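> To be precise about what I am sending: the file is called model_25.pdb and holds PDB, C-alpha atoms and all ligand atoms.
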```
MODEL        1
ATOM      1  CA  MET A   1      15.864 -22.113 -55.860  1.00  0.00           C
ATOM      2  CA  THR A   2      17.489 -18.893 -57.013  1.00  0.00           C
ATOM      3  CA  SER A   3      17.731 -16.047 -54.536  1.00  0.00           C
ATOM      4  CA  LEU A   4      16.003 -12.736 -55.030  1.00  0.00           C
ATOM      5  CA  TYR A   5      19.528 -11.324 -55.437  1.00  0.00           C
ATOM      6  CA  GLU A   6      20.224 -13.568 -58.439  1.00  0.00           C
ATOM      7  CA  ARG A   7      16.769 -13.047 -59.952  1.00  0.00           C
ATOM      8  CA  ILE A   8      17.077  -9.270 -60.070  1.00  0.00           C
ATOM      9  CA  GLY A   9      20.538  -9.498 -61.674  1.00  0.00           C
ATOM     10  CA  GLY A  10      23.161  -9.691 -58.915  1.00  0.00           C
ATOM     11  CA  ALA A  11      25.703  -7.058 -57.931  1.00  0.00           C
ATOM     12  CA  GLN A  12      25.336  -4.970 -61.076  1.00  0.00           C
ATOM     13  CA  ALA A  13      21.580  -4.672 -60.660  1.00  0.00           C
ATOM     14  CA  VAL A  14      21.865  -3.786 -56.961  1.00  0.00           C
ATOM     15  CA  ASP A  15      24.479  -1.096 -57.741  1.00  0.00           C
ATOM     16  CA  LEU A  16      22.307   0.486 -60.403  1.00  0.00           C
ATOM     17  CA  ALA A  17      19.144   0.220 -58.291  1.00  0.00           C
ATOM     18  CA  VAL A  18      20.733   1.897 -55.250  1.00  0.00           C
ATOM     19  CA  GLU A  19      22.172   4.728 -57.326  1.00  0.00           C
ATOM     20  CA  ASN A  20      18.896   5.395 -59.147  1.00  0.00           C
ATOM     21  CA  PHE A  21      16.968   5.074 -55.889  1.00  0.00           C
ATOM     22  CA  TYR A  22      18.992   7.773 -54.092  1.00  0.00           C
ATOM     23  CA  ARG A  23      18.673  10.081 -57.099  1.00  0.00           C
ATOM     24  CA  LYS A  24      14.900   9.883 -56.553  1.00  0.00           C
ATOM     25  CA  VAL A  25      15.165  10.196 -52.762  1.00  0.00           C
ATOM     26  CA  LEU A  26      17.300  13.339 -52.936  1.00  0.00           C
ATOM     27  CA  THR A  27      14.816  15.082 -55.242  1.00  0.00           C
ATOM     28  CA  ASP A  28      11.692  14.094 -53.278  1.00  0.00           C
ATOM     29  CA  ASP A  29      10.409  16.934 -51.088  1.00  0.00           C
ATOM     30  CA  ARG A  30       8.764  14.504 -48.666  1.00  0.00           C
ATOM     31  CA  ILE A  31      12.051  12.967 -47.546  1.00  0.00           C
ATOM     32  CA  SER A  32      15.138  14.666 -49.030  1.00  0.00           C
ATOM     33  CA  HIS A  33      15.661  16.830 -45.912  1.00  0.00           C
ATOM     34  CA  PHE A  34      16.566  13.771 -43.831  1.00  0.00           C
ATOM     35  CA  PHE A  35      19.672  13.412 -46.001  1.00  0.00           C
ATOM     36  CA  ASP A  36      20.999  16.953 -45.478  1.00  0.00           C
ATOM     37  CA  GLY A  37      24.667  16.686 -44.552  1.00  0.00           C
ATOM     38  CA  VAL A  38      24.799  12.903 -45.049  1.00  0.00           C
ATOM     39  CA  ASP A  39      27.873  11.548 -46.868  1.00  0.00           C
ATOM     40  CA  MET A  40      26.001  10.030 -49.821  1.00  0.00           C
ATOM     41  CA  ASP A  41      28.938   8.003 -51.151  1.00  0.00           C
ATOM     42  CA  ALA A  42      29.189   6.245 -47.793  1.00  0.00           C
ATOM     43  CA  GLN A  43      25.399   5.913 -47.619  1.00  0.00           C
ATOM     44  CA  ILE A  44      25.184   4.345 -51.084  1.00  0.00           C
ATOM     45  CA  ALA A  45      27.955   1.890 -50.210  1.00  0.00           C
ATOM     46  CA  LYS A  46      26.191   0.844 -46.985  1.00  0.00           C
ATOM     47  CA  GLN A  47      22.853   0.491 -48.716  1.00  0.00           C
ATOM     48  CA  LYS A  48      24.381  -1.737 -51.414  1.00  0.00           C
ATOM     49  CA  GLY A  49      25.818  -3.986 -48.714  1.00  0.00           C
ATOM     50  CA  PHE A  50      22.574  -4.057 -46.793  1.00  0.00           C
ATOM     51  CA  LEU A  51      20.314  -4.779 -49.785  1.00  0.00           C
ATOM     52  CA  THR A  52      22.682  -7.435 -51.111  1.00  0.00           C
ATOM     53  CA  MET A  53      22.410  -9.212 -47.781  1.00  0.00           C
ATOM     54  CA  VAL A  54      18.608  -8.986 -47.426  1.00  0.00           C
ATOM     55  CA  PHE A  55      18.138 -10.136 -51.047  1.00  0.00           C
ATOM     56  CA  GLY A  56      20.060 -13.307 -50.245  1.00  0.00           C
ATOM     57  CA  GLY A  57      23.423 -12.368 -51.803  1.00  0.00           C
ATOM     58  CA  PRO A  58      26.839 -12.350 -50.102  1.00  0.00           C
ATOM     59  CA  HIS A  59      27.011 -10.830 -46.604  1.00  0.00           C
ATOM     60  CA  SER A  60      29.099  -7.671 -46.739  1.00  0.00           C
ATOM     61  CA  TYR A  61      27.037  -5.249 -44.623  1.00  0.00           C
ATOM     62  CA  THR A  62      29.025  -3.762 -41.745  1.00  0.00           C
ATOM     63  CA  GLY A  63      26.823  -0.777 -40.871  1.00  0.00           C
ATOM     64  CA  GLN A  64      24.633  -0.224 -37.832  1.00  0.00           C
ATOM     65  CA  ASN A  65      21.390  -2.078 -37.162  1.00  0.00           C
ATOM     66  CA  MET A  66      18.219  -0.389 -38.408  1.00  0.00           C
ATOM     67  CA  ARG A  67      17.121   0.846 -34.969  1.00  0.00           C
ATOM     68  CA  ASP A  68      20.401   2.528 -34.059  1.00  0.00           C
ATOM     69  CA  GLY A  69      20.936   3.765 -37.628  1.00  0.00           C
ATOM     70  CA  HIS A  70      17.691   5.786 -37.662  1.00  0.00           C
ATOM     71  CA  LYS A  71      17.106   6.856 -34.037  1.00  0.00           C
ATOM     72  CA  HIS A  72      18.429  10.350 -34.661  1.00  0.00           C
ATOM     73  CA  LEU A  73      15.992  10.676 -37.579  1.00  0.00           C
ATOM     74  CA  VAL A  74      13.020   9.578 -35.455  1.00  0.00           C
ATOM     75  CA  ALA A  75      14.007  12.426 -33.136  1.00  0.00           C
ATOM     76  CA  ARG A  76      13.699  14.691 -36.192  1.00  0.00           C
ATOM     77  CA  GLY A  77      10.183  13.447 -37.007  1.00  0.00           C
ATOM     78  CA  LEU A  78      10.733  10.333 -39.120  1.00  0.00           C
ATOM     79  CA  ASN A  79       7.396   8.488 -39.320  1.00  0.00           C
ATOM     80  CA  ASP A  80       5.335   5.966 -41.309  1.00  0.00           C
ATOM     81  CA  SER A  81       4.672   8.404 -44.151  1.00  0.00           C
ATOM     82  CA  HIS A  82       8.420   8.649 -44.793  1.00  0.00           C
ATOM     83  CA  VAL A  83       8.849   4.885 -44.770  1.00  0.00           C
ATOM     84  CA  ASP A  84       5.937   4.645 -47.242  1.00  0.00           C
ATOM     85  CA  ALA A  85       7.655   7.203 -49.500  1.00  0.00           C
ATOM     86  CA  VAL A  86      10.930   5.243 -49.411  1.00  0.00           C
ATOM     87  CA  ILE A  87       9.159   1.980 -50.285  1.00  0.00           C
ATOM     88  CA  GLU A  88       7.281   3.732 -53.106  1.00  0.00           C
ATOM     89  CA  LEU A  89      10.502   5.162 -54.604  1.00  0.00           C
ATOM     90  CA  LEU A  90      12.299   1.835 -54.292  1.00  0.00           C
ATOM     91  CA  GLY A  91       9.407   0.117 -56.106  1.00  0.00           C
ATOM     92  CA  GLN A  92       9.481   2.738 -58.888  1.00  0.00           C
ATOM     93  CA  THR A  93      13.239   2.327 -59.249  1.00  0.00           C
ATOM     94  CA  LEU A  94      13.004  -1.446 -59.528  1.00  0.00           C
ATOM     95  CA  ALA A  95      10.083  -1.294 -61.976  1.00  0.00           C
ATOM     96  CA  GLU A  96      12.125   1.030 -64.217  1.00  0.00           C
ATOM     97  CA  LEU A  97      14.923  -1.550 -64.188  1.00  0.00           C
ATOM     98  CA  GLY A  98      12.507  -4.258 -65.315  1.00  0.00           C
ATOM     99  CA  VAL A  99      12.292  -6.180 -62.028  1.00  0.00           C
ATOM    100  CA  ALA A 100       9.186  -8.409 -61.931  1.00  0.00           C
ATOM    101  CA  ASP A 101       6.171  -7.193 -59.943  1.00  0.00           C
ATOM    102  CA  SER A 102       6.294 -10.295 -57.747  1.00  0.00           C
ATOM    103  CA  ASP A 103       9.934  -9.557 -56.857  1.00  0.00           C
ATOM    104  CA  ILE A 104       9.101  -5.903 -56.151  1.00  0.00           C
ATOM    105  CA  ALA A 105       6.337  -7.061 -53.805  1.00  0.00           C
ATOM    106  CA  GLU A 106       8.830  -9.319 -52.031  1.00  0.00           C
ATOM    107  CA  ILE A 107      11.305  -6.439 -51.656  1.00  0.00           C
ATOM    108  CA  ALA A 108       8.565  -4.143 -50.336  1.00  0.00           C
ATOM    109  CA  ALA A 109       7.711  -6.808 -47.760  1.00  0.00           C
ATOM    110  CA  ILE A 110      11.371  -6.953 -46.675  1.00  0.00           C
ATOM    111  CA  ALA A 111      11.431  -3.169 -46.285  1.00  0.00           C
ATOM    112  CA  ASN A 112       8.175  -3.330 -44.318  1.00  0.00           C
ATOM    113  CA  SER A 113       9.620  -5.990 -42.041  1.00  0.00           C
ATOM    114  CA  VAL A 114      12.160  -3.485 -40.670  1.00  0.00           C
ATOM    115  CA  ARG A 115       9.651  -0.620 -40.386  1.00  0.00           C
ATOM    116  CA  ASP A 116       9.256  -0.893 -36.602  1.00  0.00           C
ATOM    117  CA  ASP A 117      13.032  -1.017 -36.101  1.00  0.00           C
ATOM    118  CA  VAL A 118      13.579   2.002 -38.377  1.00  0.00           C
ATOM    119  CA  LEU A 119      10.887   3.908 -36.445  1.00  0.00           C
ATOM    120  CA  ASP A 120      12.226   2.727 -33.070  1.00  0.00           C
ATOM    121  CA  ARG A 121       9.006   1.184 -31.737  1.00  0.00           C
TER
HETATM  122  C1  LIG B 201      12.424   1.181 -44.857  1.00  0.00           C
HETATM  123  C2  LIG B 201      13.549   0.594 -44.688  1.00  0.00           C
HETATM  124  C3  LIG B 201      14.908   1.249 -44.553  1.00  0.00           C
HETATM  125  C4  LIG B 201      16.083   0.589 -44.680  1.00  0.00           C
HETATM  126  C5  LIG B 201      16.245  -0.882 -45.024  1.00  0.00           C
HETATM  127  C6  LIG B 201      17.155   1.537 -44.474  1.00  0.00           C
HETATM  128  C7  LIG B 201      18.504   1.229 -44.528  1.00  0.00           C
HETATM  129  C8  LIG B 201      19.515   2.056 -44.065  1.00  0.00           C
HETATM  130  C9  LIG B 201      20.895   1.659 -43.854  1.00  0.00           C
HETATM  131  C10 LIG B 201      21.472   0.289 -44.139  1.00  0.00           C
HETATM  132  C11 LIG B 201      21.557   2.734 -43.358  1.00  0.00           C
HETATM  133  C12 LIG B 201      23.026   2.818 -42.926  1.00  0.00           C
HETATM  134  C13 LIG B 201      23.086   2.704 -41.415  1.00  0.00           C
HETATM  135  C14 LIG B 201      24.464   3.049 -40.872  1.00  0.00           C
HETATM  136  O1  LIG B 201      24.772   4.236 -40.774  1.00  0.00           O
HETATM  137  O2  LIG B 201      25.253   2.140 -40.534  1.00  0.00           O
HETATM  138  C15 LIG B 201      20.603   3.825 -43.282  1.00  0.00           C
HETATM  139  C16 LIG B 201      20.886   5.105 -42.884  1.00  0.00           C
HETATM  140  C17 LIG B 201      20.060   6.176 -43.144  1.00  0.00           C
HETATM  141  N1  LIG B 201      18.744   6.121 -43.515  1.00  0.00           N
HETATM  142 FE1  LIG B 201      17.703   4.454 -43.838  1.00  0.00          FE
HETATM  143  N2  LIG B 201      16.621   2.770 -44.224  1.00  0.00           N
HETATM  144  C18 LIG B 201      15.248   2.654 -44.272  1.00  0.00           C
HETATM  145  C19 LIG B 201      14.352   3.691 -44.090  1.00  0.00           C
HETATM  146  C20 LIG B 201      14.690   5.027 -44.104  1.00  0.00           C
HETATM  147  C21 LIG B 201      13.776   6.141 -44.213  1.00  0.00           C
HETATM  148  C22 LIG B 201      12.262   6.004 -44.306  1.00  0.00           C
HETATM  149  C23 LIG B 201      14.529   7.286 -44.232  1.00  0.00           C
HETATM  150  C24 LIG B 201      14.118   8.718 -44.367  1.00  0.00           C
HETATM  151  C25 LIG B 201      13.175   9.107 -45.187  1.00  0.00           C
HETATM  152  C26 LIG B 201      15.918   6.886 -44.099  1.00  0.00           C
HETATM  153  C27 LIG B 201      16.994   7.750 -44.045  1.00  0.00           C
HETATM  154  C28 LIG B 201      18.275   7.381 -43.708  1.00  0.00           C
HETATM  155  C29 LIG B 201      19.363   8.330 -43.480  1.00  0.00           C
HETATM  156  C30 LIG B 201      19.269   9.863 -43.593  1.00  0.00           C
HETATM  157  C31 LIG B 201      20.478   7.582 -43.119  1.00  0.00           C
HETATM  158  C32 LIG B 201      21.891   8.120 -42.823  1.00  0.00           C
HETATM  159  C33 LIG B 201      21.980   8.611 -41.424  1.00  0.00           C
HETATM  160  C34 LIG B 201      23.307   9.292 -41.162  1.00  0.00           C
HETATM  161  O3  LIG B 201      24.354   8.861 -41.690  1.00  0.00           O
HETATM  162  O4  LIG B 201      23.261  10.255 -40.424  1.00  0.00           O
HETATM  163  N3  LIG B 201      15.982   5.526 -44.021  1.00  0.00           N
HETATM  164  N4  LIG B 201      19.391   3.379 -43.723  1.00  0.00           N
ENDMDL
END
```
Do you think you could lay out the structure here as structure tokens?

Amino acid sequence: MTSLYERIGGAQAVDLAVENFYRKVLTDDRISHFFDGVDMDAQIAKQKGFLTMVFGGPHSYTGQNMRDGHKHLVARGLNDSHVDAVIELLGQTLAELGVADSDIAEIAAIANSVRDDVLDR
């Protein structure tokens, strides 16, 4: 069975998806303020490593776990509506890159599976 990582197109597809995704995030009034002052080159690199791993590609993620990585944002009001917005923008990004609806649904489920960690509950 091929991994989700292979099905969506491997490293090149993940790179493009993460870059396009953050372009949307940074222009979305619902969530862009959480990224004020964040080093986006470092953020994009971490997100590529993280998504590659959760999609079943090679393990290269060396960042924090989801709970510790977002605690300071929960303190600033991060809630379910923001997670919903992130999942929506990721889905839009993947659809624009031609990823199959069934694969997008699988990716949304992966994002949802870390929701409680991201929101520290
Ligand atoms: C839903 C699933 C999510 C996943 C899988 C995810 C993934 C990640 C990863 C891998 C990091 C790097 C952690 C590190 O520093 O080592 C990170 C950091 C970050 N995430 Fe998320 N995230 C999610 C949701 C969100 C949401 C909903 C927001 C805000 C709208 C958000 C905003 C941020 C910000 C601002 C950082 C950087 C924090 C900093 O460097 O100060 N994330 N995220």
> Just want the 12 Å neighbourhood of stretch 21-29 of chain A, counted on only C-alpha atoms, with same-chain residues fewer than 3 positions away dropped. Output as a compact mmCIF listing (two decimals) with C-alpha atoms, in the coordinates of the input.

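Written output follows (out-v1.txt):
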```txt
# COMPACT_ATOMS: atom_id res chain seq x y z
CA ALA A 13 21.58 -4.67 -60.66
CA VAL A 14 21.86 -3.79 -56.96
CA ASP A 15 24.48 -1.10 -57.74
CA LEU A 16 22.31 0.49 -60.40
CA ALA A 17 19.14 0.22 -58.29
CA VAL A 18 20.73 1.90 -55.25
CA SER A 32 15.14 14.67 -49.03
CA HIS A 33 15.66 16.83 -45.91
CA PHE A 34 16.57 13.77 -43.83
CA PHE A 35 19.67 13.41 -46.00
CA ASP A 36 21.00 16.95 -45.48
CA GLY A 37 24.67 16.69 -44.55
CA VAL A 38 24.80 12.90 -45.05
CA MET A 40 26.00 10.03 -49.82
CA ASP A 41 28.94 8.00 -51.15
CA GLN A 43 25.40 5.91 -47.62
CA ILE A 44 25.18 4.34 -51.08
CA ALA A 45 27.96 1.89 -50.21
CA GLN A 47 22.85 0.49 -48.72
CA LYS A 48 24.38 -1.74 -51.41
CA HIS A 82 8.42 8.65 -44.79
CA VAL A 83 8.85 4.88 -44.77
CA ALA A 85 7.66 7.20 -49.50
CA VAL A 86 10.93 5.24 -49.41
CA ILE A 87 9.16 1.98 -50.28
CA GLU A 88 7.28 3.73 -53.11
CA LEU A 89 10.50 5.16 -54.60
CA LEU A 90 12.30 1.84 -54.29
CA GLY A 91 9.41 0.12 -56.11
CA GLN A 92 9.48 2.74 -58.89
CA THR A 93 13.24 2.33 -59.25
CA LEU A 94 13.00 -1.45 -59.53
CA ALA A 95 10.08 -1.29 -61.98
CA GLU A 96 12.12 1.03 -64.22
CA LEU A 97 14.92 -1.55 -64.19
```
> Let me have the centre and edge lengths of the axis-aligned box enclosing all listed atoms of ligand LIG 201 (chain B) with 8 Å padding on every side, in Å to one decimal, as AutoDock Vina command-line options.

```
--center_x 18.8 --center_y 4.7 --center_z -42.8 --size_x 29.0 --size_y 27.1 --size_z 20.8
```
> I need the output of the PyMOL selection byres (((chain A and resi 120) around 8) and not hetatm) for this file as a list of chain:residue names; which residues are they?
A:Arg67, A:His70, A:Lys71, A:Val74, A:Asp116, A:Asp117, A:Val118, A:Leu119, A:Arg121
> From the set A:Ala11, A:Ile104, A:Ala109, A:Leu78, which residue has the shortest atom-to-atom contact distance to A:Pro58, counting all atoms listed in the file?
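Smallest separation from A:Pro58 among the options: A:Ala11.
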> Report the distance between atom C24 of ligand LIG 201 (chain B) and atom CA of A:Ser3 in Å, rounded to one decimal place.
27.0 Å
> To one decimal place, how far is atom C30 of ligand LIG 201 (chain B) from atom CA of A:Ala100 in Å?
27.8 Å
> Expressed in Å to a single decimal, how great is the separation between atom CA of A:Gly57 and atom CA of A:Asp103?
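So the answer is 14.7 Å.
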> Using all atoms listed in the file, which of A:Met53, A:Met1, A:Ile107, A:Met66 sits nearest ligand LIG 201 (chain B)?
A:Met66
> Find, counting only C-alpha atoms, the residue in A:Ser81, A:Ser102, A:Asn65, A:Ser60 that gets nearest to A:Arg7.
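Comparing A:Ser81, A:Ser102, A:Asn65, A:Ser60 against A:Arg7, the winner is A:Ser102.
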> I need the residue nearest ligand LIG 201 (chain B) from this list: A:Gly10, A:Gly63, A:Gly56, A:Gly49. Use all atoms listed in the file for the distance.
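Closest to ligand LIG 201 (chain B) of all the choices is A:Gly63.
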> So which one's closest to ligand LIG 201 (chain B), A:Asn20, A:Asn79, A:Gln12, A:Thr2? Using only C-alpha atoms and all ligand atoms, please.
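When distances to ligand LIG 201 (chain B) are compared using only C-alpha atoms and all ligand atoms, the smallest one comes from A:Asn79.
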> Compare A:Ala111, A:Ala105, A:Val54, A:Ile8 by their minimum atom-to-atom distance to ligand LIG 201 (chain B), counting only C-alpha atoms and all ligand atoms, and give me the closest one.
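Checking each candidate against ligand LIG 201 (chain B), we get A:Ala111 as the closest.
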> For stretch 91-112 of chain A, supply N, CA and C atoms and format the output as a short mmCIF file (atom, residue, chain, number, x, y, z; two decimals), in the coordinates of the input.

```cif
data_model
loop_
_atom_site.label_atom_id
_atom_site.label_comp_id
_atom_site.auth_asym_id
_atom_site.auth_seq_id
_atom_site.Cartn_x
_atom_site.Cartn_y
_atom_site.Cartn_z
N GLY A 91 10.23 0.87 -55.15
CA GLY A 91 9.41 0.12 -56.11
C GLY A 91 9.47 0.72 -57.50
N GLN A 92 9.39 2.06 -57.58
CA GLN A 92 9.48 2.74 -58.89
C GLN A 92 10.83 2.46 -59.54
N THR A 93 11.88 2.55 -58.73
CA THR A 93 13.24 2.33 -59.25
C THR A 93 13.36 0.93 -59.84
N LEU A 94 12.87 -0.05 -59.09
CA LEU A 94 13.00 -1.45 -59.53
C LEU A 94 12.15 -1.71 -60.76
N ALA A 95 10.96 -1.11 -60.81
CA ALA A 95 10.08 -1.29 -61.98
C ALA A 95 10.77 -0.73 -63.23
N GLU A 96 11.42 0.42 -63.08
CA GLU A 96 12.12 1.03 -64.22
C GLU A 96 13.27 0.16 -64.70
N LEU A 97 13.82 -0.66 -63.80
CA LEU A 97 14.92 -1.55 -64.19
C LEU A 97 14.41 -2.90 -64.69
N GLY A 98 13.08 -3.04 -64.75
CA GLY A 98 12.51 -4.26 -65.32
C GLY A 98 12.37 -5.42 -64.34
N VAL A 99 12.47 -5.13 -63.03
CA VAL A 99 12.29 -6.18 -62.03
C VAL A 99 10.81 -6.59 -62.01
N ALA A 100 10.56 -7.88 -61.89
CA ALA A 100 9.19 -8.41 -61.93
C ALA A 100 8.37 -7.89 -60.75
N ASP A 101 7.06 -7.69 -61.00
CA ASP A 101 6.17 -7.19 -59.94
C ASP A 101 6.22 -8.08 -58.70
N SER A 102 6.29 -9.38 -58.90
CA SER A 102 6.29 -10.30 -57.75
C SER A 102 7.57 -10.10 -56.91
N ASP A 103 8.68 -9.81 -57.58
CA ASP A 103 9.93 -9.56 -56.86
C ASP A 103 9.88 -8.20 -56.15
N ILE A 104 9.26 -7.22 -56.79
CA ILE A 104 9.10 -5.90 -56.15
C ILE A 104 8.25 -6.04 -54.89
N ALA A 105 7.20 -6.85 -54.98
CA ALA A 105 6.34 -7.06 -53.80
C ALA A 105 7.13 -7.71 -52.68
N GLU A 106 8.01 -8.64 -53.04
CA GLU A 106 8.83 -9.32 -52.03
C GLU A 106 9.80 -8.32 -51.37
N ILE A 107 10.36 -7.44 -52.17
CA ILE A 107 11.30 -6.44 -51.66
C ILE A 107 10.57 -5.43 -50.76
N ALA A 108 9.36 -5.05 -51.16
CA ALA A 108 8.56 -4.14 -50.34
C ALA A 108 8.26 -4.79 -48.99
N ALA A 109 8.00 -6.09 -49.01
CA ALA A 109 7.71 -6.81 -47.76
C ALA A 109 8.95 -6.83 -46.86
N ILE A 110 10.12 -6.98 -47.46
CA ILE A 110 11.37 -6.95 -46.68
C ILE A 110 11.54 -5.57 -46.03
N ALA A 111 11.30 -4.53 -46.83
CA ALA A 111 11.43 -3.17 -46.28
C ALA A 111 10.42 -2.96 -45.15
N ASN A 112 9.21 -3.46 -45.36
CA ASN A 112 8.18 -3.33 -44.32
C ASN A 112 8.54 -4.09 -43.04
#
```
